[in-house]
Amino acid sequence: MVKRVLMIAFHFPPMRGSSGIQRTLKFARYLPQFGWQPAVLSAHPRAYAITGQDQMNEIAADMPVEHAFALDTSRHLAFKGKYLGALALPDRWSSWWLGAVPRGLKMIRNLRPDVLWSTYPIATAHLIGYTLHRLTGIPWIADFRDPMTDEGYPTDPTVRKTFHWIERKTLAHCALAVFSTPGTIRDHQVRFPDIPASRFVLIENGYDEENFAAAAADVQPAPVGDRPLLLVHSGIIYPSERDPGPFFEALGQLLRDGAVSAATLQIVLRATAHDSYLQPLIEKNGIGAIVSLAQPVPYRVALQEMLEADGLLILQAGNCNSQIPAKLYEYLRAQRPILGLTDEAGDTCASLRAAGIDTIAPLDAPVAIAQELVRFLGLLRSGAAPVASSDAVAACSRQGRTLELAKLLDRVKLVK
């Protein structure tokens with residue numbers, strides 16, 4: 001008998017510009033290997049700020065994919081750049097619920113899935129999952145990845161209250177709540193002591209070997225020689241959770257001291273999604289000759305850039321100690337040296353150290369960052385910078401993570 005899962009995910013091709021796309025896409029790609037046939041309920045491409053066709057060929061031709069009506073409130077329902085806050089609760093894509101619920105019910109009638117699965121960080125996805133679960137009684141797995149709420153997050157009190165309501169409803173009604181780091185599970189067990197501990201499960205993010213093999217075919221490593229060293233940060237830089245202000249301050253001081261220059265160092269921040277926030281900081285610190293903001297590129301090209309870089313940057317603030325950026329797993333697979341600007345007490349730091357990476361400094365400490373950056377650049381020049389161990393890389397494959405999901409789906413189906 002065919003086992004089916006209906007996956008509710010905002011981040012899915014043809015969307016481009018978020019590493020979060022890979023989690024759902026790879027689960028859907030590899031689940032058939034483990035006895036599960038996926039179908040995907042996503043949003044209409046108009047809801048995405050950036051689209052591209054480069055990963056559409058990774059979607060199996062026979063896999064049902066529906067793109068339900070959805071608008072981005074900030075782009076489609078705004079007047080002179082302003083919009084009603086109520087139209088963006090719980091998020092700017094709340095209109096997706098209007099299209100996804102009827103479309104989801106139609107998919108359920110036609111496909112008769114055994115399990116529903118929804119994934120954050122778009123809160124509306126869990127709202128859709130909750131609604132479809134309540135209307136049909138089909139067991140539901142909620143993939144939180146990261147926390148929906150925390151002290152002071154979201155910053156807007158109304159949004160935070162709405163998020164908290166969805167978070168509690170989700171935890172109360174889902175069969176399993178999946179998180180991507182051990183710290184996030186610990187935090188939720190403390191915050192929600194009435195929820196059985198057995199409901200919280202871990203599936204970390206990972207990398208896809210097929211994508212890396214394809215990207216590696218075009219890699220042309222350049223000897224260090226006398227050229228500038230190239231450091232790359234690939235992906236979103238959130239102003240709060242990954243604020244590079246102290247890093248830019250450290251760079252500015254090193255530039256004024258002559259410790260670095262445009263002739264010795266170039267830093268590319270690729271697809272930050274917050275260029276308008278970062279550009280003034282770059283100008284304020286006088287580091288425009290060293291730091292450049294780059295537009296999104298196809299996923300394969302982004303992986304190729306990681307493989308060709310001399311070093312890779314990871315940014316994670318102390319207010320996200322229970323989270324690990326999804327790109328970290330791709331960085332580990334690239335086996336390029338990593339400069340981790342993150343809190344010593346966080347899960348990101350723990351993952352780096354477990355992989356054999358010790359080039360780490362706190363994201364909020366300009367003096368420590370400057371010292372570690374000078375050391376890191378010296379290690380790069382001498383070829384002595386640490387890279388992830390082979391064992392650490394092998395443990396992070398997307399196929400392995402998908403096997404973990406398949407086991408959870410089997411577990412939920414058995415008690416249906």
# chains A, B, ... in the order shown; residues from 1 in each chain; ligands from 1
$ residues_around --residues "stretch 339-350 of chain A" --least-positions-apart "5" --cutoff "8 Å" --atoms "only C-alpha atoms" --output "ChimeraX atom specification"
/A:181-183,311-318,320-325,359-363,369,373,376
$ write_last_selection --atoms "C-alpha atoms" --output "PDB file, in the first residue's frame"
ATOM      1  CA  THR A 181      18.856  21.754  17.235  1.00  0.00           C
ATOM      2  CA  PRO A 182      19.068  20.095  20.664  1.00  0.00           C
ATOM      3  CA  GLY A 183      19.017  23.481  22.401  1.00  0.00           C
ATOM      4  CA  GLY A 311      37.232  30.948   3.797  1.00  0.00           C
ATOM      5  CA  LEU A 312      33.554  31.002   4.779  1.00  0.00           C
ATOM      6  CA  LEU A 313      31.826  33.227   7.335  1.00  0.00           C
ATOM      7  CA  ILE A 314      29.117  32.132   9.756  1.00  0.00           C
ATOM      8  CA  LEU A 315      27.292  34.765  11.836  1.00  0.00           C
ATOM      9  CA  GLN A 316      25.040  33.830  14.756  1.00  0.00           C
ATOM     10  CA  ALA A 317      24.252  36.107  17.699  1.00  0.00           C
ATOM     11  CA  GLY A 318      23.907  35.102  21.319  1.00  0.00           C
ATOM     12  CA  CYS A 320      20.063  32.558  18.872  1.00  0.00           C
ATOM     13  CA  ASN A 321      22.175  30.196  20.952  1.00  0.00           C
ATOM     14  CA  SER A 322      19.649  27.397  20.489  1.00  0.00           C
ATOM     15  CA  GLN A 323      19.719  27.712  16.693  1.00  0.00           C
ATOM     16  CA  ILE A 324      22.139  26.659  13.965  1.00  0.00           C
ATOM     17  CA  PRO A 325      22.090  28.365  10.533  1.00  0.00           C
ATOM     18  CA  THR A 359      38.557  29.668  14.476  1.00  0.00           C
ATOM     19  CA  ILE A 360      35.745  31.274  16.478  1.00  0.00           C
ATOM     20  CA  ALA A 361      35.056  34.643  18.100  1.00  0.00           C
ATOM     21  CA  PRO A 362      31.959  36.256  19.698  1.00  0.00           C
ATOM     22  CA  LEU A 363      29.822  38.119  17.158  1.00  0.00           C
ATOM     23  CA  ILE A 369      36.855  39.511  16.207  1.00  0.00           C
ATOM     24  CA  LEU A 373      40.360  37.434  11.979  1.00  0.00           C
ATOM     25  CA  PHE A 376      42.412  33.193  10.619  1.00  0.00           C
TER      26      PHE A 376
END
$ select_by_dssp --residues "stretch 119-203 of chain A" --states "helix (DSSP H, G or I)" --output "JSON list (two decimals) with N, CA and C atoms, in the first residue's frame"
[["chain", "number", "residue", "atom", "x", "y", "z"],
["A", 123, "ALA", "N", 4.91, 31.36, 9.66],
["A", 123, "ALA", "CA", 3.94, 30.90, 10.65],
["A", 123, "ALA", "C", 2.63, 30.45, 10.01],
["A", 124, "THR", "N", 2.26, 31.07, 8.89],
["A", 124, "THR", "CA", 1.03, 30.70, 8.21],
["A", 124, "THR", "C", 1.02, 29.23, 7.81],
["A", 125, "ALA", "N", 2.20, 28.65, 7.55],
["A", 125, "ALA", "CA", 2.27, 27.23, 7.18],
["A", 125, "ALA", "C", 1.71, 26.36, 8.30],
["A", 126, "HIS", "N", 2.08, 26.66, 9.55],
["A", 126, "HIS", "CA", 1.54, 25.88, 10.68],
["A", 126, "HIS", "C", 0.05, 26.15, 10.87],
["A", 127, "LEU", "N", -0.39, 27.36, 10.58],
["A", 127, "LEU", "CA", -1.81, 27.67, 10.68],
["A", 127, "LEU", "C", -2.60, 26.84, 9.66],
["A", 128, "ILE", "N", -2.05, 26.68, 8.47],
["A", 128, "ILE", "CA", -2.68, 25.83, 7.45],
["A", 128, "ILE", "C", -2.68, 24.38, 7.91],
["A", 129, "GLY", "N", -1.55, 23.91, 8.42],
["A", 129, "GLY", "CA", -1.48, 22.53, 8.91],
["A", 129, "GLY", "C", -2.47, 22.26, 10.03],
["A", 130, "TYR", "N", -2.57, 23.20, 10.95],
["A", 130, "TYR", "CA", -3.52, 23.07, 12.06],
["A", 130, "TYR", "C", -4.96, 23.00, 11.54],
["A", 131, "THR", "N", -5.29, 23.88, 10.60],
["A", 131, "THR", "CA", -6.65, 23.91, 10.07],
["A", 131, "THR", "C", -6.99, 22.61, 9.35],
["A", 132, "LEU", "N", -6.10, 22.14, 8.49],
["A", 132, "LEU", "CA", -6.36, 20.90, 7.75],
["A", 132, "LEU", "C", -6.44, 19.70, 8.69],
["A", 133, "HIS", "N", -5.61, 19.70, 9.72],
["A", 133, "HIS", "CA", -5.66, 18.61, 10.71],
["A", 133, "HIS", "C", -7.01, 18.61, 11.43],
["A", 134, "ARG", "N", -7.46, 19.77, 11.86],
["A", 134, "ARG", "CA", -8.73, 19.86, 12.60],
["A", 134, "ARG", "C", -9.92, 19.50, 11.72],
["A", 135, "LEU", "N", -9.84, 19.83, 10.44],
["A", 135, "LEU", "CA", -10.95, 19.54, 9.53],
["A", 135, "LEU", "C", -11.01, 18.08, 9.10],
["A", 136, "THR", "N", -9.85, 17.42, 9.06],
["A", 136, "THR", "CA", -9.80, 16.05, 8.52],
["A", 136, "THR", "C", -9.45, 14.98, 9.54],
["A", 157, "PRO", "N", 4.48, 43.36, 19.82],
["A", 157, "PRO", "CA", 3.68, 42.59, 20.79],
["A", 157, "PRO", "C", 2.50, 41.86, 20.17],
["A", 158, "THR", "N", 1.84, 42.47, 19.20],
["A", 158, "THR", "CA", 0.68, 41.82, 18.57],
["A", 158, "THR", "C", 1.11, 40.61, 17.76],
["A", 159, "VAL", "N", 2.19, 40.76, 17.03],
["A", 159, "VAL", "CA", 2.72, 39.62, 16.26],
["A", 159, "VAL", "C", 3.18, 38.52, 17.20],
["A", 160, "ARG", "N", 3.86, 38.91, 18.29],
["A", 160, "ARG", "CA", 4.34, 37.91, 19.24],
["A", 160, "ARG", "C", 3.18, 37.15, 19.87],
["A", 161, "LYS", "N", 2.10, 37.86, 20.21],
["A", 161, "LYS", "CA", 0.92, 37.21, 20.78],
["A", 161, "LYS", "C", 0.30, 36.23, 19.78],
["A", 162, "THR", "N", 0.23, 36.63, 18.52],
["A", 162, "THR", "CA", -0.33, 35.77, 17.48],
["A", 162, "THR", "C", 0.56, 34.55, 17.26],
["A", 163, "PHE", "N", 1.86, 34.76, 17.19],
["A", 163, "PHE", "CA", 2.80, 33.65, 17.05],
["A", 163, "PHE", "C", 2.66, 32.67, 18.21],
["A", 164, "HIS", "N", 2.56, 33.21, 19.41],
["A", 164, "HIS", "CA", 2.47, 32.35, 20.59],
["A", 164, "HIS", "C", 1.20, 31.51, 20.54],
["A", 165, "TRP", "N", 0.10, 32.11, 20.09],
["A", 165, "TRP", "CA", -1.15, 31.35, 19.97],
["A", 165, "TRP", "C", -0.99, 30.19, 18.98],
["A", 166, "ILE", "N", -0.37, 30.47, 17.83],
["A", 166, "ILE", "CA", -0.16, 29.42, 16.83],
["A", 166, "ILE", "C", 0.80, 28.36, 17.37],
["A", 167, "GLU", "N", 1.85, 28.80, 18.05],
["A", 167, "GLU", "CA", 2.83, 27.88, 18.61],
["A", 167, "GLU", "C", 2.18, 26.93, 19.60],
["A", 168, "ARG", "N", 1.36, 27.48, 20.52],
["A", 168, "ARG", "CA", 0.72, 26.63, 21.52],
["A", 168, "ARG", "C", -0.30, 25.70, 20.89],
["A", 169, "LYS", "N", -1.11, 26.20, 19.96],
["A", 169, "LYS", "CA", -2.09, 25.35, 19.28],
["A", 169, "LYS", "C", -1.39, 24.22, 18.53],
["A", 170, "THR", "N", -0.28, 24.56, 17.90],
["A", 170, "THR", "CA", 0.47, 23.56, 17.14],
["A", 170, "THR", "C", 1.01, 22.48, 18.06],
["A", 171, "LEU", "N", 1.65, 22.88, 19.14],
["A", 171, "LEU", "CA", 2.22, 21.91, 20.06],
["A", 171, "LEU", "C", 1.15, 21.04, 20.71],
["A", 172, "ALA", "N", -0.02, 21.62, 20.94],
["A", 172, "ALA", "CA", -1.09, 20.86, 21.59],
["A", 172, "ALA", "C", -1.72, 19.83, 20.66],
["A", 173, "HIS", "N", -1.74, 20.10, 19.35],
["A", 173, "HIS", "CA", -2.50, 19.24, 18.43],
["A", 173, "HIS", "C", -1.64, 18.40, 17.49],
["A", 182, "PRO", "N", 19.38, 20.59, 19.32],
["A", 182, "PRO", "CA", 19.07, 20.09, 20.66],
["A", 182, "PRO", "C", 18.67, 21.21, 21.62],
["A", 183, "GLY", "N", 19.32, 22.38, 21.49],
["A", 183, "GLY", "CA", 19.02, 23.48, 22.40],
["A", 183, "GLY", "C", 17.59, 23.96, 22.27],
["A", 184, "THR", "N", 17.06, 23.98, 21.07],
["A", 184, "THR", "CA", 15.69, 24.42, 20.85],
["A", 184, "THR", "C", 14.71, 23.46, 21.52],
["A", 185, "ILE", "N", 14.99, 22.18, 21.46],
["A", 185, "ILE", "CA", 14.13, 21.20, 22.14],
["A", 185, "ILE", "C", 14.16, 21.43, 23.64],
["A", 186, "ARG", "N", 15.35, 21.62, 24.19],
["A", 186, "ARG", "CA", 15.46, 21.86, 25.64],
["A", 186, "ARG", "C", 14.67, 23.10, 26.05],
["A", 187, "ASP", "N", 14.79, 24.17, 25.26],
["A", 187, "ASP", "CA", 14.07, 25.40, 25.57],
["A", 187, "ASP", "C", 12.56, 25.18, 25.57],
["A", 188, "HIS", "N", 12.06, 24.44, 24.60],
["A", 188, "HIS", "CA", 10.62, 24.21, 24.50],
["A", 188, "HIS", "C", 10.10, 23.30, 25.59],
["A", 189, "GLN", "N", 10.90, 22.35, 26.00],
["A", 189, "GLN", "CA", 10.48, 21.47, 27.09],
["A", 189, "GLN", "C", 10.35, 22.26, 28.39],
["A", 190, "VAL", "N", 11.18, 23.27, 28.56],
["A", 190, "VAL", "CA", 11.09, 24.12, 29.75],
["A", 190, "VAL", "C", 9.89, 25.07, 29.64],
["A", 191, "ARG", "N", 9.70, 25.65, 28.46],
["A", 191, "ARG", "CA", 8.63, 26.63, 28.27],
["A", 191, "ARG", "C", 7.24, 25.99, 28.23],
["A", 197, "ALA", "N", 7.26, 15.19, 26.74],
["A", 197, "ALA", "CA", 8.61, 15.30, 26.21],
["A", 197, "ALA", "C", 8.78, 14.46, 24.95],
["A", 198, "SER", "N", 8.03, 13.37, 24.85],
["A", 198, "SER", "CA", 8.14, 12.49, 23.69],
["A", 198, "SER", "C", 7.65, 13.14, 22.40],
["A", 199, "ARG", "N", 6.95, 14.24, 22.51],
["A", 199, "ARG", "CA", 6.44, 14.93, 21.31],
["A", 199, "ARG", "C", 7.53, 15.73, 20.61]]
$ atom_distance --atom1 "atom CA of A:Glu372" --atom2 "atom CA of A:Asp146"
28.5 Å
$ residues_around --residues "stretch 95-110 of chain A" --least-positions-apart "6" --cutoff "6 Å" --atoms "only C-alpha atoms" --output "compact mmCIF listing (two decimals) with C-alpha atoms, in the first residue's frame"
# COMPACT_ATOMS: atom_id res chain seq x y z
CA ALA A 68 -2.14 28.03 -3.79
CA PHE A 69 -3.25 31.66 -3.91
CA ALA A 70 -0.98 33.89 -1.85
CA LEU A 71 0.01 37.55 -1.71
CA ILE A 128 -2.68 25.83 7.45
$ residues_around --residues "A:Ala88" --least-positions-apart "5" --cutoff "10 Å" --atoms "only C-alpha atoms" --output "PDB file with N, CA and C atoms, in the first residue's frame"
ATOM      1  N   ASP A  72       1.926  38.790  -0.965  1.00  0.00           N
ATOM      2  CA  ASP A  72       2.832  39.393   0.010  1.00  0.00           C
ATOM      3  C   ASP A  72       2.232  40.748   0.380  1.00  0.00           C
ATOM      4  N   THR A  73       1.753  40.858   1.598  1.00  0.00           N
ATOM      5  CA  THR A  73       1.068  42.085   2.021  1.00  0.00           C
ATOM      6  C   THR A  73       1.902  43.330   1.748  1.00  0.00           C
ATOM      7  N   SER A  74       3.203  43.258   1.981  1.00  0.00           N
ATOM      8  CA  SER A  74       4.051  44.450   1.835  1.00  0.00           C
ATOM      9  C   SER A  74       4.198  44.887   0.386  1.00  0.00           C
ATOM     10  N   LEU A  77      -0.492  44.574  -1.133  1.00  0.00           N
ATOM     11  CA  LEU A  77      -1.611  45.222  -0.439  1.00  0.00           C
ATOM     12  C   LEU A  77      -1.203  46.522   0.231  1.00  0.00           C
ATOM     13  N   TYR A  83       0.884  49.463   4.864  1.00  0.00           N
ATOM     14  CA  TYR A  83      -0.228  48.517   4.822  1.00  0.00           C
ATOM     15  C   TYR A  83      -0.760  48.295   6.234  1.00  0.00           C
ATOM     16  N   TRP A  93       2.337  36.830   4.608  1.00  0.00           N
ATOM     17  CA  TRP A  93       1.749  35.900   3.645  1.00  0.00           C
ATOM     18  C   TRP A  93       0.511  35.221   4.226  1.00  0.00           C
ATOM     19  N   SER A  94      -0.184  35.908   5.126  1.00  0.00           N
ATOM     20  CA  SER A  94      -1.367  35.322   5.766  1.00  0.00           C
ATOM     21  C   SER A  94      -2.447  34.979   4.746  1.00  0.00           C
ATOM     22  N   SER A  95      -2.483  35.674   3.614  1.00  0.00           N
ATOM     23  CA  SER A  95      -3.476  35.376   2.572  1.00  0.00           C
ATOM     24  C   SER A  95      -3.291  33.980   1.998  1.00  0.00           C
ATOM     25  N   VAL A 159       2.194  40.758  17.026  1.00  0.00           N
ATOM     26  CA  VAL A 159       2.717  39.623  16.256  1.00  0.00           C
ATOM     27  C   VAL A 159       3.175  38.515  17.200  1.00  0.00           C
TER      28      VAL A 159
END
$ closest_residue --among "A:Asp150, A:Asp208, A:Asp226, A:Asp194" --to "A:Tyr331" --atoms "only C-alpha atoms"
A:Asp208
